[in-house]
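J.: Structure provided below as structure tokens; questions to follow.
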Amino acid sequence: MRIDLEPRAGRSRIAEWVAPVGALIAAMLIGGLLVAALGKSPVQAFFVYFVDPLTEAWSLQELAVKATPLVMIAVGLSFCFRANLWNIGAEGQFIIGGAMGGWIALLTHDGVGQSVLGSWWIVPAMLAFGAFCGLLYALIPALLRVWLGVSEILTSLMLVYIAQLFLDYMVRGPWRDPKGFNFPVTVNFDPVATLPMLAPGGRLHAGVALALIVALAAALVMARSLFGYEVRLVGSAPRAARFAGFSESKLTLAVFAISGALAGLAGICEVAGQIGQLQPSISPGYGFTAIIVAFLGRLSPIGILVAGLVLALTYIGGESAQVTMKLPFYLTGAFQGLLLMCVLAADVFTRYRLVIQTGRRA
Amino acid sequence: MQKIASIASTITLALALSTGALAADKLKIGFVYVGPVGDFGYSYQHDQGRLAMQKALGDKVETTFLENVPENDSERSIEQLARTGHKLIFTTSFGYMDPTLKVAKKYPDVMFEHATGYKRDKNVATYSARFHEGRYVIGQIAGKMTKSNTIGYVAAFPIPEVVSGINSFYLGALSTNPNVKLKIVWANTWFDPGKEADAAKALLAQGADIISQHTDSAAPLQEAEKAGKLGFGQASNMERFAPKAQLSAIIDDWSGYYTARAQLALDGKWTSTDTWDGIGKKMVIMAPFKNMPDDVKAMAEKTTAAIGSGALNPFKCPVLDQAGKDQCKAGAAALEDGQVLSMNWYVKGIDDKVPQ
């Protein structure tokens, strides 16, 4: 007996969208078995994980806050991945964006530099500078690839550690809060250096709206512009793209610039919207989780928006499950892994047909 | 039929009401841990404290914990506990300081306790332990036990708690061995067995025959055991990981504190306080002294008792910094608490620089 995978002749559009939903259901079923094996009710777990967080204003808002950095970064990454370029260093670009944007908040702390212009410009400047520095940081691996042919996978990943240590150094040294008992944190940002809240009293910061705008704009660019066509063409048919006269080098720089800028923007939004100060670490791995989000969302901006929310849901649902059902923390990680495995498997089955042959071939 | 149904519904209603009333009487207490409960170090000890409190207070309390909560994304987790009826919440890592204060403002009727921080509020108390007291004891042991006169120290981050620990350890070692040298490696992590083990290997390769650690996993101690050298456990008794190498361990014991604070909350007498206890109040406990000659053991026991009774202060004056300047305030018997809590300088004799 042989088991073969045969490429399917055509790919149906319906299958492309049904597959991830099927994968989600499959992952939930396997997750349910895990919960049952732990001696808890899978039905209750399903409600605590996936339904309860969607029924309360508080958790919906937290969902949006948690999904924001993931969506912003993943949308940027989708440009790279579409063009078959592998920016693994969004985490570093996120940190650089947060750190450099946050620097402006530190420079203007306590009314410094606001005598002429006032303070209205601080938040926009932070956002712009954060995105710009993320962009510059992402150009390093892109330029190394274009000029020297160095693998962007390695360089972008290594630059993550440099970014982490840079922030760590600055927060422990030059940027440390002078009144903070030598603890490695900066001062709390002034209200004028913090993103405005969309709803009073909550945590829904303006970055959430930005993420939405970014996703919609990216969807337009990807689907309707010549640039979007170029990205898609270089990724799927590089030879054809070369014949069409598209420059691979220019495109490499462009997609890295986009993804770096968006990761940097996500970083400064997280710092100015959620954390409110700089710390040795400002990301629980958003730059890496966003890679999963990008693929779960099938590299389409709207898909990423949905995938970011689904992943945020697993975090928040996972926390509720720890609190209300005393389920272990590791179930969240296990479930995220399951989800990715199921999506990848579903992907294989939409592209290939399973052929089981018995007996001998002639 | 209808009658039965109405009786049944009355009974279920009554049941629901009575369990509701019972649940309301219980004090719900939440814990937020930075590491996994299974780190067998820092977070493990906090969880042991939770379990001891649960045992001591029984049905009067119900406890919940969230583990592996990243410090930079902790506000939601803390609020999750506050909004699900937890009235007393312990946030057990330094990085939860500002998030705890933010949530506390929103929930003025919830009591918060933040470990190792310095910002308080009407409903936010702080607590920490004088870990450096234990470090003086193990420093003395290390000074006695080293043959190469070189001691390795795996440190997490250059925050005051760690720096004062290094100083106290070194002063202890110096008091029993004037020729002792300290080599410090910064692992830049609280919990990463791989990195911690690498740090310990580097120190062993540089001739250290005793490994002391201020990181949370048992990895450095296990490296010492593998190399046939000696070491100390951190936060928890790690004897089972290195039965031949562990000389002693500094154990964080939160059970007394957690039980006392929960009892105060139950009695309605909880207030925001700042607690910093050590060996004397049994918040810091020394694991059994093993793998050493009897005279060293006797010395360690004597020092532990002296620190516990207040007769000995690891930072008794004068305390000279690396430049040889006495850091004590004029006429003081020892460094003040505030000076220890914000320490970012090494004492004289440490051949290294505090990373700035």
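Labels used: A, B, ... for chains in the order of the structure tokens, numbers from 1 for residues in each chain, and numbers from 1 for ligands as shown.
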Could the residues of chain B within 9 Å of chain A, counting only C-alpha atoms, be given as number ranges by chain, please?
T.: B: 30, 36, 64-68, 70-73, 75-77, 80-81, 84, 95, 98-99, 106, 118, 158-160, 338, 341-344, 355-356
J.: Keeping only N, CA and C atoms, take the residues you just selected and write them out as an mmCIF file, in the first residue's frame.
T.:
```cif
data_model
loop_
_atom_site.group_PDB
_atom_site.id
_atom_site.type_symbol
_atom_site.label_atom_id
_atom_site.label_comp_id
_atom_site.auth_asym_id
_atom_site.auth_seq_id
_atom_site.Cartn_x
_atom_site.Cartn_y
_atom_site.Cartn_z
ATOM 1 N N GLY B 30 -6.306 36.067 44.751
ATOM 2 C CA GLY B 30 -5.630 35.768 43.492
ATOM 3 C C GLY B 30 -4.128 35.995 43.585
ATOM 4 N N PRO B 36 6.793 29.923 35.721
ATOM 5 C CA PRO B 36 5.921 28.766 35.882
ATOM 6 C C PRO B 36 5.977 28.288 37.332
ATOM 7 N N THR B 64 -6.765 31.439 43.569
ATOM 8 C CA THR B 64 -6.580 31.256 42.135
ATOM 9 C C THR B 64 -5.202 31.795 41.781
ATOM 10 N N PHE B 65 -4.535 31.183 40.811
ATOM 11 C CA PHE B 65 -3.279 31.794 40.372
ATOM 12 C C PHE B 65 -3.202 31.857 38.858
ATOM 13 N N LEU B 66 -2.477 32.856 38.370
ATOM 14 C CA LEU B 66 -2.130 32.953 36.954
ATOM 15 C C LEU B 66 -0.615 32.863 36.886
ATOM 16 N N GLU B 67 -0.093 31.916 36.102
ATOM 17 C CA GLU B 67 1.363 31.759 36.045
ATOM 18 C C GLU B 67 1.899 32.252 34.707
ATOM 19 N N ASN B 68 3.225 32.442 34.635
ATOM 20 C CA ASN B 68 3.875 32.860 33.393
ATOM 21 C C ASN B 68 3.286 34.143 32.827
ATOM 22 N N PRO B 70 3.602 37.666 31.562
ATOM 23 C CA PRO B 70 4.688 38.568 31.195
ATOM 24 C C PRO B 70 4.503 39.934 31.846
ATOM 25 N N GLU B 71 5.607 40.502 32.338
ATOM 26 C CA GLU B 71 5.492 41.757 33.085
ATOM 27 C C GLU B 71 4.970 42.886 32.211
ATOM 28 N N ASN B 72 5.314 42.855 30.904
ATOM 29 C CA ASN B 72 4.904 43.958 30.039
ATOM 30 C C ASN B 72 3.484 43.797 29.504
ATOM 31 N N ASP B 73 2.800 42.732 29.877
ATOM 32 C CA ASP B 73 1.416 42.567 29.442
ATOM 33 C C ASP B 73 0.608 42.003 30.606
ATOM 34 N N GLU B 75 -1.284 43.978 32.961
ATOM 35 C CA GLU B 75 -2.394 44.759 33.501
ATOM 36 C C GLU B 75 -3.721 44.017 33.325
ATOM 37 N N ARG B 76 -3.902 43.440 32.116
ATOM 38 C CA ARG B 76 -5.141 42.719 31.851
ATOM 39 C C ARG B 76 -5.292 41.525 32.797
ATOM 40 N N SER B 77 -4.194 40.783 33.007
ATOM 41 C CA SER B 77 -4.267 39.595 33.858
ATOM 42 C C SER B 77 -4.652 39.972 35.287
ATOM 43 N N GLN B 80 -8.227 40.941 35.298
ATOM 44 C CA GLN B 80 -9.043 39.722 35.163
ATOM 45 C C GLN B 80 -9.379 39.144 36.548
ATOM 46 N N LEU B 81 -8.390 39.134 37.438
ATOM 47 C CA LEU B 81 -8.626 38.628 38.796
ATOM 48 C C LEU B 81 -9.530 39.577 39.573
ATOM 49 N N THR B 84 -13.188 39.335 38.665
ATOM 50 C CA THR B 84 -13.888 38.070 38.904
ATOM 51 C C THR B 84 -14.042 37.820 40.395
ATOM 52 N N GLY B 95 8.113 43.792 38.081
ATOM 53 C CA GLY B 95 7.566 44.426 36.884
ATOM 54 C C GLY B 95 6.056 44.624 36.914
ATOM 55 N N ASP B 98 3.682 49.071 38.250
ATOM 56 C CA ASP B 98 2.775 50.085 37.707
ATOM 57 C C ASP B 98 1.433 49.506 37.252
ATOM 58 N N PRO B 99 1.426 48.335 36.589
ATOM 59 C CA PRO B 99 0.129 47.728 36.260
ATOM 60 C C PRO B 99 -0.735 47.486 37.503
ATOM 61 N N LYS B 106 -8.671 51.517 39.702
ATOM 62 C CA LYS B 106 -9.997 51.213 39.154
ATOM 63 C C LYS B 106 -10.852 50.386 40.109
ATOM 64 N N TYR B 118 8.264 49.484 45.229
ATOM 65 C CA TYR B 118 8.375 50.576 46.189
ATOM 66 C C TYR B 118 7.229 51.578 46.084
ATOM 67 N N PRO B 158 21.089 43.593 37.129
ATOM 68 C CA PRO B 158 21.699 44.496 38.106
ATOM 69 C C PRO B 158 20.698 45.422 38.789
ATOM 70 N N ILE B 159 19.700 44.875 39.437
ATOM 71 C CA ILE B 159 18.774 45.686 40.231
ATOM 72 C C ILE B 159 19.269 45.670 41.680
ATOM 73 N N PRO B 160 18.807 46.612 42.505
ATOM 74 C CA PRO B 160 19.347 46.711 43.859
ATOM 75 C C PRO B 160 19.315 45.393 44.641
ATOM 76 N N GLY B 338 16.830 52.079 53.274
ATOM 77 C CA GLY B 338 16.722 52.770 51.989
ATOM 78 C C GLY B 338 17.985 52.648 51.163
ATOM 79 N N LEU B 341 18.025 49.164 49.755
ATOM 80 C CA LEU B 341 16.973 48.960 48.750
ATOM 81 C C LEU B 341 17.264 49.678 47.437
ATOM 82 N N SER B 342 18.217 50.612 47.442
ATOM 83 C CA SER B 342 18.533 51.307 46.191
ATOM 84 C C SER B 342 20.006 51.118 45.818
ATOM 85 N N MET B 343 20.609 50.054 46.306
ATOM 86 C CA MET B 343 22.056 49.880 46.139
ATOM 87 C C MET B 343 22.426 49.660 44.672
ATOM 88 N N ASN B 344 23.341 50.477 44.161
ATOM 89 C CA ASN B 344 23.859 50.205 42.816
ATOM 90 C C ASN B 344 25.364 50.383 42.760
ATOM 91 N N PRO B 355 26.991 46.756 36.011
ATOM 92 C CA PRO B 355 26.562 47.190 34.668
ATOM 93 C C PRO B 355 25.647 48.407 34.788
ATOM 94 N N GLN B 356 25.959 49.452 34.058
ATOM 95 C CA GLN B 356 25.119 50.676 34.146
ATOM 96 C C GLN B 356 24.366 50.892 32.845
#
```
J.: Would you list, as a PyMOL selection string, the residues of segment 26-203 of chain B that end up in strand (DSSP E) under DSSP run on this structure's backbone?
T.: chain B and resi 27-32+61-66+88-91+111-115+124-129+150-155+181-186
J.: For the residues selected in the previous step, produce a file with C-alpha atoms as a compact mmCIF listing (two decimals), in the first residue's frame.
T.:
```
# COMPACT_ATOMS: atom_id res chain seq x y z
CA LEU B 27 -12.58 35.46 50.50
CA LYS B 28 -11.33 34.99 46.95
CA ILE B 29 -7.59 35.52 46.74
CA GLY B 30 -5.63 35.77 43.49
CA PHE B 31 -1.93 35.37 42.75
CA VAL B 32 0.03 36.48 39.69
CA VAL B 61 -10.60 31.38 51.41
CA GLU B 62 -10.58 30.34 47.78
CA THR B 63 -7.37 30.89 45.83
CA THR B 64 -6.58 31.26 42.14
CA PHE B 65 -3.28 31.79 40.37
CA LEU B 66 -2.13 32.95 36.95
CA LEU B 88 -7.09 40.24 47.79
CA ILE B 89 -4.53 40.00 44.99
CA PHE B 90 -0.83 39.29 45.31
CA THR B 91 1.32 40.36 42.34
CA MET B 111 -6.79 44.89 48.30
CA PHE B 112 -3.53 44.50 46.39
CA GLU B 113 -0.12 43.34 47.57
CA HIS B 114 2.90 43.88 45.34
CA ALA B 115 6.16 42.03 45.99
CA VAL B 124 -1.72 48.61 47.51
CA ALA B 125 0.69 47.21 50.08
CA THR B 126 4.24 46.06 49.34
CA TYR B 127 6.30 43.24 50.73
CA SER B 128 9.69 41.76 50.20
CA ALA B 129 12.27 39.71 52.06
CA THR B 150 37.60 31.75 43.51
CA ILE B 151 33.83 31.84 43.81
CA GLY B 152 31.47 32.11 40.85
CA TYR B 153 28.24 34.12 41.03
CA VAL B 154 25.47 33.80 38.43
CA ALA B 155 23.40 36.97 38.69
CA LYS B 181 37.87 36.43 44.81
CA LEU B 182 34.41 36.83 43.32
CA LYS B 183 33.67 36.33 39.62
CA ILE B 184 30.26 37.52 38.46
CA VAL B 185 28.40 36.59 35.27
CA TRP B 186 25.18 38.39 34.37
```
J.: Quick one: everything within 7 Å of segment 219-230 of chain B, counting only C-alpha atoms, minus sequence neighbours fewer than 4 positions away in the same chain. Send it as a PDB file with C-alpha atoms, in the first residue's frame.
T.:
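The resulting selection-v2.pdb:
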```pdb
ATOM      1  CA  PRO B 193      18.090  26.951  32.510  1.00  0.00           C
ATOM      2  CA  GLU B 196      22.130  29.863  33.524  1.00  0.00           C
ATOM      3  CA  ALA B 197      23.992  26.607  32.919  1.00  0.00           C
ATOM      4  CA  ALA B 200      27.962  28.436  35.504  1.00  0.00           C
ATOM      5  CA  LYS B 201      30.138  26.513  33.018  1.00  0.00           C
ATOM      6  CA  ASP B 209      35.004  25.823  42.764  1.00  0.00           C
ATOM      7  CA  ILE B 210      31.835  27.192  44.346  1.00  0.00           C
ATOM      8  CA  ILE B 211      28.857  28.482  42.364  1.00  0.00           C
ATOM      9  CA  GLN B 213      23.398  31.994  42.026  1.00  0.00           C
ATOM     10  CA  PHE B 241      18.696  18.409  42.086  1.00  0.00           C
ATOM     11  CA  ALA B 242      22.204  18.367  43.530  1.00  0.00           C
ATOM     12  CA  LYS B 244      26.255  16.244  46.665  1.00  0.00           C
ATOM     13  CA  ALA B 245      26.769  19.887  45.715  1.00  0.00           C
ATOM     14  CA  GLN B 246      24.195  21.877  47.676  1.00  0.00           C
ATOM     15  CA  LEU B 247      25.777  23.366  50.783  1.00  0.00           C
TER      16      LEU B 247
END
```
J.: Have a look at A:Ala90, A:Ala237, A:Val231, A:Val123 and name the one nearest to Leu157 of chain A; count only C-alpha atoms.
T.: A:Ala90
J.: So, with only C-alpha atoms as the atoms that count, which of A:Gly102, A:Ala218, A:Thr108, A:Ile30 lies closest to Leu299 of chain A?
T.: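 Using only C-alpha atoms, Leu299 of chain A sits closest to A:Ala218.
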J.: Please provide the set of residues having any atom within 9 Å of segment 68-77 of chain A, restricted to only C-alpha atoms, with same-chain residues fewer than 6 positions apart removed, written as a PyMOL selection string.
T.: chain A and resi 86-88+90-91+94+207-212+214-215+218-219+255-267+269-270+286-287+289-295+297+299-302+304-309+311-312
J.: Could the residues in this selection be saved with N, CA and C atoms as a compact mmCIF listing (two decimals), in the first residue's frame?
T.:
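As written to disk, part.txt reads:
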```txt
# COMPACT_ATOMS: atom_id res chain seq x y z
N TRP A 86 11.85 36.60 3.72
CA TRP A 86 11.54 36.11 5.06
C TRP A 86 12.09 37.01 6.13
N ASN A 87 11.26 37.98 6.54
CA ASN A 87 11.61 38.86 7.64
C ASN A 87 11.19 38.17 8.94
N ILE A 88 12.16 37.60 9.64
CA ILE A 88 11.87 36.91 10.90
C ILE A 88 12.11 37.87 12.07
N ALA A 90 10.72 40.85 12.96
CA ALA A 90 9.74 41.88 13.31
C ALA A 90 9.81 42.22 14.79
N GLU A 91 10.17 41.23 15.61
CA GLU A 91 10.28 41.48 17.05
C GLU A 91 11.30 42.60 17.32
N PHE A 94 9.93 45.94 16.12
CA PHE A 94 8.91 46.35 17.10
C PHE A 94 9.60 47.03 18.29
N GLY A 207 -4.33 53.22 19.15
CA GLY A 207 -3.60 52.27 18.32
C GLY A 207 -4.51 51.21 17.72
N VAL A 208 -5.59 50.89 18.44
CA VAL A 208 -6.54 49.89 17.95
C VAL A 208 -7.15 50.37 16.63
N ALA A 209 -7.53 51.64 16.60
CA ALA A 209 -8.10 52.20 15.38
C ALA A 209 -7.06 52.21 14.27
N LEU A 210 -5.81 52.54 14.65
CA LEU A 210 -4.73 52.55 13.66
C LEU A 210 -4.56 51.17 13.03
N ALA A 211 -4.63 50.14 13.84
CA ALA A 211 -4.44 48.78 13.33
C ALA A 211 -5.51 48.46 12.29
N LEU A 212 -6.73 48.91 12.59
CA LEU A 212 -7.84 48.68 11.67
C LEU A 212 -7.59 49.40 10.34
N VAL A 214 -4.71 50.35 9.15
CA VAL A 214 -3.57 49.71 8.49
C VAL A 214 -4.03 48.48 7.71
N ALA A 215 -4.86 47.66 8.34
CA ALA A 215 -5.30 46.42 7.67
C ALA A 215 -6.12 46.75 6.43
N ALA A 218 -3.88 48.21 3.69
CA ALA A 218 -3.04 47.17 3.10
C ALA A 218 -3.86 46.30 2.15
N ALA A 219 -5.11 46.03 2.55
CA ALA A 219 -5.97 45.20 1.69
C ALA A 219 -6.17 45.89 0.34
N VAL A 255 9.38 46.02 0.51
CA VAL A 255 8.57 45.20 1.43
C VAL A 255 9.18 45.18 2.83
N PHE A 256 10.51 45.20 2.90
CA PHE A 256 11.13 45.26 4.23
C PHE A 256 10.83 46.60 4.89
N ALA A 257 10.84 47.68 4.10
CA ALA A 257 10.52 48.99 4.66
C ALA A 257 9.10 49.00 5.22
N ILE A 258 8.17 48.45 4.45
CA ILE A 258 6.77 48.42 4.91
C ILE A 258 6.65 47.62 6.19
N SER A 259 7.22 46.42 6.19
CA SER A 259 7.02 45.58 7.37
C SER A 259 7.75 46.16 8.57
N GLY A 260 8.93 46.76 8.33
CA GLY A 260 9.64 47.38 9.44
C GLY A 260 8.89 48.56 10.02
N ALA A 261 8.34 49.38 9.13
CA ALA A 261 7.60 50.56 9.61
C ALA A 261 6.38 50.14 10.41
N LEU A 262 5.67 49.12 9.93
CA LEU A 262 4.46 48.69 10.65
C LEU A 262 4.82 48.03 11.98
N ALA A 263 5.91 47.26 12.01
CA ALA A 263 6.33 46.67 13.29
C ALA A 263 6.74 47.77 14.26
N GLY A 264 7.46 48.79 13.74
CA GLY A 264 7.87 49.90 14.59
C GLY A 264 6.66 50.67 15.12
N LEU A 265 5.68 50.86 14.24
CA LEU A 265 4.45 51.55 14.65
C LEU A 265 3.73 50.76 15.74
N ALA A 266 3.69 49.43 15.54
CA ALA A 266 3.07 48.57 16.56
C ALA A 266 3.80 48.72 17.88
N GLY A 267 5.14 48.81 17.80
CA GLY A 267 5.94 48.93 19.02
C GLY A 267 5.62 50.21 19.78
N CYS A 269 2.98 52.06 19.51
CA CYS A 269 1.58 52.04 19.99
C CYS A 269 1.48 51.23 21.29
N GLU A 270 2.20 50.13 21.35
CA GLU A 270 2.15 49.30 22.56
C GLU A 270 2.74 50.07 23.74
N TYR A 286 5.56 39.40 20.56
CA TYR A 286 4.57 39.73 19.53
C TYR A 286 5.12 39.53 18.12
N GLY A 287 6.39 39.91 17.92
CA GLY A 287 6.98 39.83 16.59
C GLY A 287 7.04 38.41 16.06
N THR A 289 4.95 35.83 17.35
CA THR A 289 3.56 35.35 17.26
C THR A 289 2.90 35.87 15.99
N ALA A 290 3.31 37.09 15.57
CA ALA A 290 2.70 37.68 14.38
C ALA A 290 2.99 36.84 13.13
N ILE A 291 4.09 36.09 13.13
CA ILE A 291 4.38 35.22 11.98
C ILE A 291 3.27 34.18 11.86
N ILE A 292 2.88 33.63 13.01
CA ILE A 292 1.77 32.66 13.01
C ILE A 292 0.50 33.35 12.53
N VAL A 293 0.26 34.56 13.04
CA VAL A 293 -0.95 35.29 12.65
C VAL A 293 -0.97 35.52 11.14
N ALA A 294 0.18 35.88 10.58
CA ALA A 294 0.23 36.15 9.14
C ALA A 294 -0.17 34.91 8.34
N PHE A 295 0.33 33.76 8.76
CA PHE A 295 0.00 32.54 8.00
C PHE A 295 -1.41 32.05 8.27
N GLY A 297 -3.82 33.94 8.78
CA GLY A 297 -4.65 34.85 7.99
C GLY A 297 -4.40 34.70 6.50
N LEU A 299 -1.99 35.31 4.69
CA LEU A 299 -1.24 36.44 4.12
C LEU A 299 -2.14 37.48 3.47
N SER A 300 -3.42 37.49 3.85
CA SER A 300 -4.28 38.55 3.34
C SER A 300 -4.64 39.47 4.51
N PRO A 301 -4.57 40.78 4.31
CA PRO A 301 -4.77 41.72 5.43
C PRO A 301 -6.07 41.48 6.20
N ILE A 302 -7.16 41.21 5.49
CA ILE A 302 -8.42 41.00 6.21
C ILE A 302 -8.38 39.67 6.96
N ILE A 304 -5.77 38.40 8.19
CA ILE A 304 -4.89 38.63 9.34
C ILE A 304 -5.66 39.31 10.48
N LEU A 305 -6.55 40.23 10.10
CA LEU A 305 -7.37 40.89 11.11
C LEU A 305 -8.14 39.85 11.92
N VAL A 306 -8.76 38.90 11.19
CA VAL A 306 -9.53 37.85 11.85
C VAL A 306 -8.59 36.95 12.67
N ALA A 307 -7.47 36.55 12.05
CA ALA A 307 -6.54 35.64 12.73
C ALA A 307 -5.97 36.27 14.00
N GLY A 308 -5.68 37.58 13.93
CA GLY A 308 -5.16 38.27 15.10
C GLY A 308 -6.16 38.23 16.25
N LEU A 309 -7.44 38.42 15.90
CA LEU A 309 -8.48 38.38 16.94
C LEU A 309 -8.63 36.97 17.50
N LEU A 311 -6.30 34.66 17.69
CA LEU A 311 -5.18 34.35 18.56
C LEU A 311 -5.28 35.11 19.89
N ALA A 312 -5.72 36.38 19.80
CA ALA A 312 -5.92 37.16 21.03
C ALA A 312 -6.96 36.47 21.90
```
J.: Name the residues of segment 37-254 of chain A that fall into helix (DSSP H, G or I) according to DSSP on the backbone, using the chain letters and numbers of this document, as an NGL selection string.
T.: :A and (37 or 42-54 or 57-82 or 90-107 or 109-111 or 122-148 or 152-172 or 191-193 or 206-224 or 226-236 or 238-243 or 248-254)
J.: Report, in Å to a single decimal, how far apart atom CA of Phe169 of chain B and atom CA of Arg135 of chain B are.
T.: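 Computed distance, atom CA of Arg135 of chain B to atom CA of Phe169 of chain B, equals 4.7 Å.
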J.: Extract, using only C-alpha atoms, all DNA, RNA and protein residues at most 12 Å from Ser41 of chain A, discarding same-chain residues fewer than 4 positions from it, and format them as a list of chain:residue names.
T.: A:Gly31, A:Gly32, A:Leu33, A:Leu34, A:Val35, A:Ala36, A:Ala37, A:Ala45, A:Phe46, A:Phe47, A:Val48, A:Ala321, A:Met325, A:Lys326, A:Leu327
J.: Which neighbours of Val234 of chain A fall inside 12 Å, counting only C-alpha atoms, when residues of the same chain fewer than 5 positions from it are skipped, and could you give them as a list in words?
T.: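 Here the answer would be Phe79, Cys80, Phe81, Arg82, Ala83, Asn84, Leu85, Phe227, Gly228, Tyr229, Arg239, Ala240, Ala241, Arg242, Phe243, Ala244, Gly245, Phe246, Ser247, Glu248, Ser249, Lys250, Leu251, Thr252 and Val255 of chain A.
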J.: Which residues are close to segment 282-286 of chain B, i.e. within 6 Å by only C-alpha atoms, leaving aside same-chain residues fewer than 5 positions away? Reply as a PyMOL selection string.
T.: chain B and resi 249-253+277
J.: For the selection you just gave me, I'd like the residues written to a file as a tab-separated table (two decimals), in the first residue's frame, keeping C-alpha atoms.
T.:
```
chain	number	residue	atom	x	y	z
B	249	ALA	CA	19.93	27.29	50.07
B	250	ILE	CA	18.22	30.58	50.76
B	251	ILE	CA	14.54	29.71	50.99
B	252	ASP	CA	11.89	32.40	50.50
B	253	ASP	CA	9.08	31.46	52.86
B	277	ASP	CA	11.32	40.84	56.88
```
J.: Rounded to one decimal place, report the atom CA of Val187 of chain A-atom CA of Ile95 of chain A distance in Å.
T.: 17.7 Å
J.: In Å, how far is it from atom CA of Thr215 of chain B to atom CA of Thr176 of chain B?
T.: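 Those two atoms sit 24.7 Å apart.
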